[in-house]
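Enquirer: Structure: run_12.txt, compact mmCIF, N, CA, C and O atoms.
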# COMPACT_ATOMS: atom_id res chain seq x y z
N MET Q 81 40.35 99.52 136.88
CA MET Q 81 39.18 98.67 136.71
C MET Q 81 38.25 98.78 137.91
O MET Q 81 37.07 98.57 137.79
N SER Q 82 38.77 99.11 139.05
CA SER Q 82 37.96 99.12 140.26
C SER Q 82 36.95 100.28 140.29
O SER Q 82 36.07 100.29 141.13
N GLU Q 83 37.08 101.21 139.37
CA GLU Q 83 36.15 102.35 139.40
C GLU Q 83 34.73 101.96 139.00
O GLU Q 83 33.79 102.67 139.32
N ASN Q 84 34.56 100.84 138.32
CA ASN Q 84 33.23 100.43 137.88
C ASN Q 84 32.85 99.05 138.39
O ASN Q 84 32.16 98.30 137.71
N VAL Q 85 33.27 98.71 139.59
CA VAL Q 85 32.94 97.40 140.14
C VAL Q 85 31.46 97.39 140.51
O VAL Q 85 30.97 98.29 141.18
N ILE Q 86 30.78 96.35 140.07
CA ILE Q 86 29.36 96.20 140.38
C ILE Q 86 29.19 94.91 141.17
O ILE Q 86 29.67 93.86 140.76
N ILE Q 87 28.55 95.01 142.31
CA ILE Q 87 28.27 93.82 143.11
C ILE Q 87 26.78 93.59 143.06
O ILE Q 87 25.98 94.46 143.42
N LYS Q 88 26.38 92.44 142.54
CA LYS Q 88 24.97 92.11 142.40
C LYS Q 88 24.72 90.76 143.06
O LYS Q 88 25.37 89.77 142.74
N ASN Q 89 23.81 90.72 144.00
CA ASN Q 89 23.48 89.50 144.74
C ASN Q 89 24.71 88.88 145.38
O ASN Q 89 24.88 87.67 145.41
N GLY Q 90 25.61 89.71 145.89
CA GLY Q 90 26.80 89.23 146.56
C GLY Q 90 27.92 88.77 145.65
O GLY Q 90 28.91 88.22 146.11
N HIS Q 91 27.78 88.96 144.34
CA HIS Q 91 28.81 88.55 143.39
C HIS Q 91 29.30 89.76 142.61
O HIS Q 91 28.54 90.67 142.31
N PHE Q 92 30.59 89.73 142.28
CA PHE Q 92 31.14 90.79 141.45
C PHE Q 92 30.68 90.58 140.01
O PHE Q 92 30.61 89.45 139.53
N ARG Q 93 30.36 91.66 139.34
CA ARG Q 93 29.92 91.58 137.95
C ARG Q 93 30.91 92.37 137.10
O ARG Q 93 31.30 93.48 137.46
N VAL Q 94 31.29 91.80 135.99
CA VAL Q 94 32.24 92.45 135.09
C VAL Q 94 31.47 93.11 133.97
O VAL Q 94 30.56 92.52 133.39
N GLU Q 95 31.83 94.35 133.68
CA GLU Q 95 31.20 95.05 132.56
C GLU Q 95 31.54 94.32 131.26
O GLU Q 95 32.69 93.95 131.03
N PRO Q 96 30.54 94.08 130.40
CA PRO Q 96 30.79 93.35 129.14
C PRO Q 96 31.88 93.98 128.28
O PRO Q 96 32.65 93.27 127.64
N TRP Q 97 31.98 95.29 128.25
CA TRP Q 97 32.99 95.91 127.41
C TRP Q 97 34.41 95.62 127.90
O TRP Q 97 35.37 95.76 127.18
N ARG Q 98 34.52 95.19 129.17
CA ARG Q 98 35.84 94.82 129.69
C ARG Q 98 36.24 93.41 129.29
O ARG Q 98 37.37 93.00 129.52
N MET Q 99 35.34 92.67 128.72
CA MET Q 99 35.60 91.28 128.36
C MET Q 99 36.09 91.18 126.91
O MET Q 99 35.67 90.33 126.15
N GLU Q 100 36.99 92.07 126.55
CA GLU Q 100 37.54 92.05 125.20
C GLU Q 100 38.54 90.90 125.08
O GLU Q 100 39.23 90.57 126.03
N LYS Q 101 38.59 90.37 123.90
CA LYS Q 101 39.52 89.27 123.66
C LYS Q 101 40.94 89.81 123.58
O LYS Q 101 41.20 90.84 122.96
N ILE Q 102 41.84 89.11 124.24
CA ILE Q 102 43.25 89.49 124.16
C ILE Q 102 43.99 88.41 123.37
O ILE Q 102 43.57 87.26 123.32
N GLN Q 103 45.08 88.80 122.77
CA GLN Q 103 45.85 87.85 122.01
C GLN Q 103 46.55 86.89 122.96
O GLN Q 103 47.04 87.28 124.02
N THR Q 104 46.58 85.64 122.58
CA THR Q 104 47.25 84.62 123.37
C THR Q 104 48.30 83.92 122.51
O THR Q 104 48.23 83.95 121.29
N GLN Q 105 49.24 83.32 123.17
CA GLN Q 105 50.28 82.58 122.47
C GLN Q 105 49.81 81.17 122.21
O GLN Q 105 49.10 80.57 123.02
N GLU Q 106 50.24 80.63 121.10
CA GLU Q 106 50.00 79.22 120.82
C GLU Q 106 51.07 78.42 121.55
O GLU Q 106 52.24 78.82 121.61
N LEU Q 107 50.67 77.29 122.13
CA LEU Q 107 51.61 76.43 122.84
C LEU Q 107 51.82 75.15 122.06
O LEU Q 107 50.86 74.55 121.56
N SER Q 108 53.06 74.73 122.01
CA SER Q 108 53.34 73.45 121.36
C SER Q 108 52.97 72.32 122.32
O SER Q 108 52.78 72.53 123.52
N ASP Q 109 52.90 71.13 121.78
CA ASP Q 109 52.56 69.97 122.61
C ASP Q 109 53.61 69.74 123.69
O ASP Q 109 53.29 69.37 124.82
N SER Q 110 54.89 70.00 123.37
CA SER Q 110 55.94 69.80 124.37
C SER Q 110 55.81 70.80 125.51
O SER Q 110 56.06 70.47 126.67
N GLU Q 111 55.40 72.04 125.20
CA GLU Q 111 55.20 73.03 126.26
C GLU Q 111 54.02 72.65 127.14
O GLU Q 111 54.08 72.79 128.37
N LYS Q 112 52.96 72.15 126.55
CA LYS Q 112 51.80 71.71 127.33
C LYS Q 112 52.18 70.56 128.25
O LYS Q 112 51.78 70.53 129.42
N GLU Q 113 52.95 69.62 127.73
CA GLU Q 113 53.39 68.49 128.54
C GLU Q 113 54.27 68.96 129.69
O GLU Q 113 54.19 68.44 130.80
N ARG Q 114 55.12 69.96 129.43
CA ARG Q 114 55.99 70.51 130.47
C ARG Q 114 55.16 71.15 131.57
O ARG Q 114 55.42 70.97 132.76
N PHE Q 115 54.11 71.90 131.20
CA PHE Q 115 53.23 72.52 132.20
C PHE Q 115 52.54 71.47 133.05
O PHE Q 115 52.45 71.60 134.27
N VAL Q 116 52.04 70.42 132.40
CA VAL Q 116 51.35 69.36 133.13
C VAL Q 116 52.32 68.68 134.10
O VAL Q 116 51.99 68.44 135.26
N LYS Q 117 53.54 68.38 133.62
CA LYS Q 117 54.54 67.73 134.47
C LYS Q 117 54.89 68.61 135.67
O LYS Q 117 54.96 68.14 136.81
N ASN Q 118 55.10 69.90 135.43
CA ASN Q 118 55.43 70.82 136.52
C ASN Q 118 54.28 70.92 137.52
O ASN Q 118 54.50 70.99 138.73
N ARG Q 119 53.06 70.94 137.03
CA ARG Q 119 51.89 71.00 137.92
C ARG Q 119 51.80 69.74 138.78
O ARG Q 119 51.54 69.80 139.98
N GLU Q 120 52.03 68.59 138.16
CA GLU Q 120 51.99 67.34 138.92
C GLU Q 120 53.08 67.31 139.98
O GLU Q 120 52.85 66.85 141.10
N GLN Q 121 54.27 67.81 139.64
CA GLN Q 121 55.36 67.86 140.61
C GLN Q 121 55.00 68.79 141.77
O GLN Q 121 55.26 68.47 142.93
N TRP Q 122 54.40 69.91 141.47
CA TRP Q 122 54.01 70.87 142.52
C TRP Q 122 52.94 70.25 143.43
O TRP Q 122 53.03 70.34 144.66
N LEU Q 123 51.93 69.61 142.83
CA LEU Q 123 50.88 68.97 143.64
C LEU Q 123 51.46 67.86 144.50
O LEU Q 123 51.07 67.69 145.66
N ASP Q 124 52.40 67.09 143.95
CA ASP Q 124 53.04 66.04 144.73
C ASP Q 124 53.79 66.64 145.91
O ASP Q 124 53.70 66.15 147.04
N TRP Q 125 54.53 67.73 145.67
CA TRP Q 125 55.26 68.40 146.75
C TRP Q 125 54.30 68.89 147.83
O TRP Q 125 54.54 68.72 149.02
N MET Q 126 53.19 69.53 147.40
CA MET Q 126 52.20 70.03 148.37
C MET Q 126 51.63 68.89 149.20
O MET Q 126 51.48 69.02 150.42
N ASN Q 127 51.32 67.77 148.56
CA ASN Q 127 50.77 66.62 149.29
C ASN Q 127 51.77 66.06 150.28
O ASN Q 127 51.42 65.71 151.41
N ARG Q 128 53.04 65.97 149.88
CA ARG Q 128 54.06 65.43 150.79
C ARG Q 128 54.29 66.35 151.99
O ARG Q 128 54.61 65.88 153.07
N HIS Q 129 54.11 67.64 151.82
CA HIS Q 129 54.41 68.57 152.91
C HIS Q 129 53.20 68.95 153.76
O HIS Q 129 53.35 69.33 154.91
N PHE Q 130 52.00 68.87 153.20
CA PHE Q 130 50.85 69.39 153.93
C PHE Q 130 49.67 68.43 154.06
O PHE Q 130 48.69 68.76 154.69
N ALA Q 131 49.73 67.26 153.47
CA ALA Q 131 48.58 66.36 153.49
C ALA Q 131 48.29 65.80 154.88
O ALA Q 131 47.17 65.39 155.17
N ASP Q 132 49.29 65.79 155.75
CA ASP Q 132 49.09 65.22 157.08
C ASP Q 132 48.63 66.26 158.10
O ASP Q 132 48.49 65.97 159.28
N LYS Q 133 48.38 67.48 157.65
CA LYS Q 133 47.97 68.55 158.55
C LYS Q 133 46.54 68.96 158.27
O LYS Q 133 46.07 68.90 157.14
N THR Q 134 45.86 69.39 159.30
CA THR Q 134 44.52 69.95 159.15
C THR Q 134 44.59 71.42 159.53
O THR Q 134 45.00 71.75 160.64
N ILE Q 135 44.23 72.26 158.61
CA ILE Q 135 44.27 73.69 158.86
C ILE Q 135 42.86 74.14 159.25
O ILE Q 135 41.91 73.97 158.49
N LEU Q 136 42.73 74.69 160.45
CA LEU Q 136 41.43 75.13 160.93
C LEU Q 136 41.18 76.57 160.54
O LEU Q 136 42.10 77.38 160.46
N ALA Q 137 39.91 76.87 160.29
CA ALA Q 137 39.53 78.24 159.97
C ALA Q 137 39.65 79.11 161.22
O ALA Q 137 39.45 78.65 162.34
N PRO Q 138 39.98 80.39 161.04
CA PRO Q 138 40.01 81.29 162.20
C PRO Q 138 38.62 81.38 162.85
O PRO Q 138 37.60 81.11 162.22
N ASP Q 139 38.60 81.73 164.11
CA ASP Q 139 37.36 81.81 164.87
C ASP Q 139 36.32 82.73 164.21
O ASP Q 139 35.13 82.49 164.31
N LYS Q 140 36.78 83.77 163.53
CA LYS Q 140 35.82 84.72 162.95
C LYS Q 140 35.01 84.08 161.82
O LYS Q 140 33.98 84.61 161.43
N TYR Q 141 35.45 82.94 161.27
CA TYR Q 141 34.70 82.28 160.19
C TYR Q 141 33.85 81.12 160.69
O TYR Q 141 33.18 80.47 159.92
N LYS Q 142 33.90 80.85 161.97
CA LYS Q 142 33.11 79.71 162.50
C LYS Q 142 31.71 80.15 162.84
O LYS Q 142 31.39 81.24 163.08
Would you encode the structure as structure tokens?
Expert:
Amino acid sequence: MSENVIIKNGHFRVEPWRMEKIQTQELSDSEKERFVKNREQWLDWMNRHFADKTILAPDKYK
């Protein structure tokens, strides 16, 4: 895919022909609920471990 990368105004542009629809799986309500529960657990874990820290940007980005 990288052979036709187009950068316009500082943004990557995707060729329209690459935006073909792909088949997706249908999810049951129980699977959706499981994903939401797992995401909430992950966010809770991240908050418990990193919410009290401030991460500074490297000097090259200041």
Enquirer: With DSSP run on the backbone, what are the strand (DSSP E) residues within chain Q? I'd like them as a VMD selection string.
Expert: chain Q and resid 86 to 88 91 to 93
Enquirer: How many Å lie between atom CA of His129 of chain Q and atom O of Lys117 of chain Q, rounded to one decimal?
Expert: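 Interatomic distance, atom CA of His129 of chain Q to atom O of Lys117 of chain Q: 16.1 Å.
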Enquirer: To one decimal place in Å, what is the distance between atom CA of Gln121 of chain Q and atom CA of Ile135 of chain Q?
Expert: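 Atom CA of Ile135 of chain Q lies at a distance of 22.1 Å from atom CA of Gln121 of chain Q.
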Enquirer: So which residues of chain Q fall under helix (DSSP H, G or I) by DSSP, listed as a PyMOL selection string?
Expert: chain Q and resi 82-84+96-98+109-130+139-141
Enquirer: Given the selection you just returned, output its residues as a file containing N, CA, C and O atoms, formatted as a CSV table (one decimal), in the coordinates of the input.
Expert:
chain,number,residue,atom,x,y,z
Q,82,SER,N,38.8,99.1,139.0
Q,82,SER,CA,38.0,99.1,140.3
Q,82,SER,C,37.0,100.3,140.3
Q,82,SER,O,36.1,100.3,141.1
Q,83,GLU,N,37.1,101.2,139.4
Q,83,GLU,CA,36.2,102.4,139.4
Q,83,GLU,C,34.7,102.0,139.0
Q,83,GLU,O,33.8,102.7,139.3
Q,84,ASN,N,34.6,100.8,138.3
Q,84,ASN,CA,33.2,100.4,137.9
Q,84,ASN,C,32.8,99.0,138.4
Q,84,ASN,O,32.2,98.3,137.7
Q,96,PRO,N,30.5,94.1,130.4
Q,96,PRO,CA,30.8,93.4,129.1
Q,96,PRO,C,31.9,94.0,128.3
Q,96,PRO,O,32.6,93.3,127.6
Q,97,TRP,N,32.0,95.3,128.2
Q,97,TRP,CA,33.0,95.9,127.4
Q,97,TRP,C,34.4,95.6,127.9
Q,97,TRP,O,35.4,95.8,127.2
Q,98,ARG,N,34.5,95.2,129.2
Q,98,ARG,CA,35.8,94.8,129.7
Q,98,ARG,C,36.2,93.4,129.3
Q,98,ARG,O,37.4,93.0,129.5
Q,109,ASP,N,52.9,71.1,121.8
Q,109,ASP,CA,52.6,70.0,122.6
Q,109,ASP,C,53.6,69.7,123.7
Q,109,ASP,O,53.3,69.4,124.8
Q,110,SER,N,54.9,70.0,123.4
Q,110,SER,CA,55.9,69.8,124.4
Q,110,SER,C,55.8,70.8,125.5
Q,110,SER,O,56.1,70.5,126.7
Q,111,GLU,N,55.4,72.0,125.2
Q,111,GLU,CA,55.2,73.0,126.3
Q,111,GLU,C,54.0,72.6,127.1
Q,111,GLU,O,54.1,72.8,128.4
Q,112,LYS,N,53.0,72.2,126.6
Q,112,LYS,CA,51.8,71.7,127.3
Q,112,LYS,C,52.2,70.6,128.2
Q,112,LYS,O,51.8,70.5,129.4
Q,113,GLU,N,53.0,69.6,127.7
Q,113,GLU,CA,53.4,68.5,128.5
Q,113,GLU,C,54.3,69.0,129.7
Q,113,GLU,O,54.2,68.4,130.8
Q,114,ARG,N,55.1,70.0,129.4
Q,114,ARG,CA,56.0,70.5,130.5
Q,114,ARG,C,55.2,71.2,131.6
Q,114,ARG,O,55.4,71.0,132.8
Q,115,PHE,N,54.1,71.9,131.2
Q,115,PHE,CA,53.2,72.5,132.2
Q,115,PHE,C,52.5,71.5,133.0
Q,115,PHE,O,52.4,71.6,134.3
Q,116,VAL,N,52.0,70.4,132.4
Q,116,VAL,CA,51.4,69.4,133.1
Q,116,VAL,C,52.3,68.7,134.1
Q,116,VAL,O,52.0,68.4,135.3
Q,117,LYS,N,53.5,68.4,133.6
Q,117,LYS,CA,54.5,67.7,134.5
Q,117,LYS,C,54.9,68.6,135.7
Q,117,LYS,O,55.0,68.1,136.8
Q,118,ASN,N,55.1,69.9,135.4
Q,118,ASN,CA,55.4,70.8,136.5
Q,118,ASN,C,54.3,70.9,137.5
Q,118,ASN,O,54.5,71.0,138.7
Q,119,ARG,N,53.1,70.9,137.0
Q,119,ARG,CA,51.9,71.0,137.9
Q,119,ARG,C,51.8,69.7,138.8
Q,119,ARG,O,51.5,69.8,140.0
Q,120,GLU,N,52.0,68.6,138.2
Q,120,GLU,CA,52.0,67.3,138.9
Q,120,GLU,C,53.1,67.3,140.0
Q,120,GLU,O,52.8,66.8,141.1
Q,121,GLN,N,54.3,67.8,139.6
Q,121,GLN,CA,55.4,67.9,140.6
Q,121,GLN,C,55.0,68.8,141.8
Q,121,GLN,O,55.3,68.5,142.9
Q,122,TRP,N,54.4,69.9,141.5
Q,122,TRP,CA,54.0,70.9,142.5
Q,122,TRP,C,52.9,70.2,143.4
Q,122,TRP,O,53.0,70.3,144.7
Q,123,LEU,N,51.9,69.6,142.8
Q,123,LEU,CA,50.9,69.0,143.6
Q,123,LEU,C,51.5,67.9,144.5
Q,123,LEU,O,51.1,67.7,145.7
Q,124,ASP,N,52.4,67.1,144.0
Q,124,ASP,CA,53.0,66.0,144.7
Q,124,ASP,C,53.8,66.6,145.9
Q,124,ASP,O,53.7,66.2,147.0
Q,125,TRP,N,54.5,67.7,145.7
Q,125,TRP,CA,55.3,68.4,146.8
Q,125,TRP,C,54.3,68.9,147.8
Q,125,TRP,O,54.5,68.7,149.0
Q,126,MET,N,53.2,69.5,147.4
Q,126,MET,CA,52.2,70.0,148.4
Q,126,MET,C,51.6,68.9,149.2
Q,126,MET,O,51.5,69.0,150.4
Q,127,ASN,N,51.3,67.8,148.6
Q,127,ASN,CA,50.8,66.6,149.3
Q,127,ASN,C,51.8,66.1,150.3
Q,127,ASN,O,51.4,65.7,151.4
Q,128,ARG,N,53.0,66.0,149.9
Q,128,ARG,CA,54.1,65.4,150.8
Q,128,ARG,C,54.3,66.4,152.0
Q,128,ARG,O,54.6,65.9,153.1
Q,129,HIS,N,54.1,67.6,151.8
Q,129,HIS,CA,54.4,68.6,152.9
Q,129,HIS,C,53.2,69.0,153.8
Q,129,HIS,O,53.4,69.3,154.9
Q,130,PHE,N,52.0,68.9,153.2
Q,130,PHE,CA,50.8,69.4,153.9
Q,130,PHE,C,49.7,68.4,154.1
Q,130,PHE,O,48.7,68.8,154.7
Q,139,ASP,N,38.6,81.7,164.1
Q,139,ASP,CA,37.4,81.8,164.9
Q,139,ASP,C,36.3,82.7,164.2
Q,139,ASP,O,35.1,82.5,164.3
Q,140,LYS,N,36.8,83.8,163.5
Q,140,LYS,CA,35.8,84.7,163.0
Q,140,LYS,C,35.0,84.1,161.8
Q,140,LYS,O,34.0,84.6,161.4
Q,141,TYR,N,35.4,82.9,161.3
Q,141,TYR,CA,34.7,82.3,160.2
Q,141,TYR,C,33.8,81.1,160.7
Q,141,TYR,O,33.2,80.5,159.9
Enquirer: Quote the spacing between atom CA of Asp124 of chain Q and atom CA of Pro138 of chain Q in Å to one decimal place.
Expert: 26.6 Å
Enquirer: Output as JSON the centre and edge lengths (Å, one decimal) of the box along x, y and z of the file that holds every listed atom of segment 90-97 of chain Q after adding 5 Å on each side.
Expert:
{"center_x": 30.5, "center_y": 92.1, "center_z": 136.9, "size_x": 19.8, "size_y": 17.7, "size_z": 29.4}
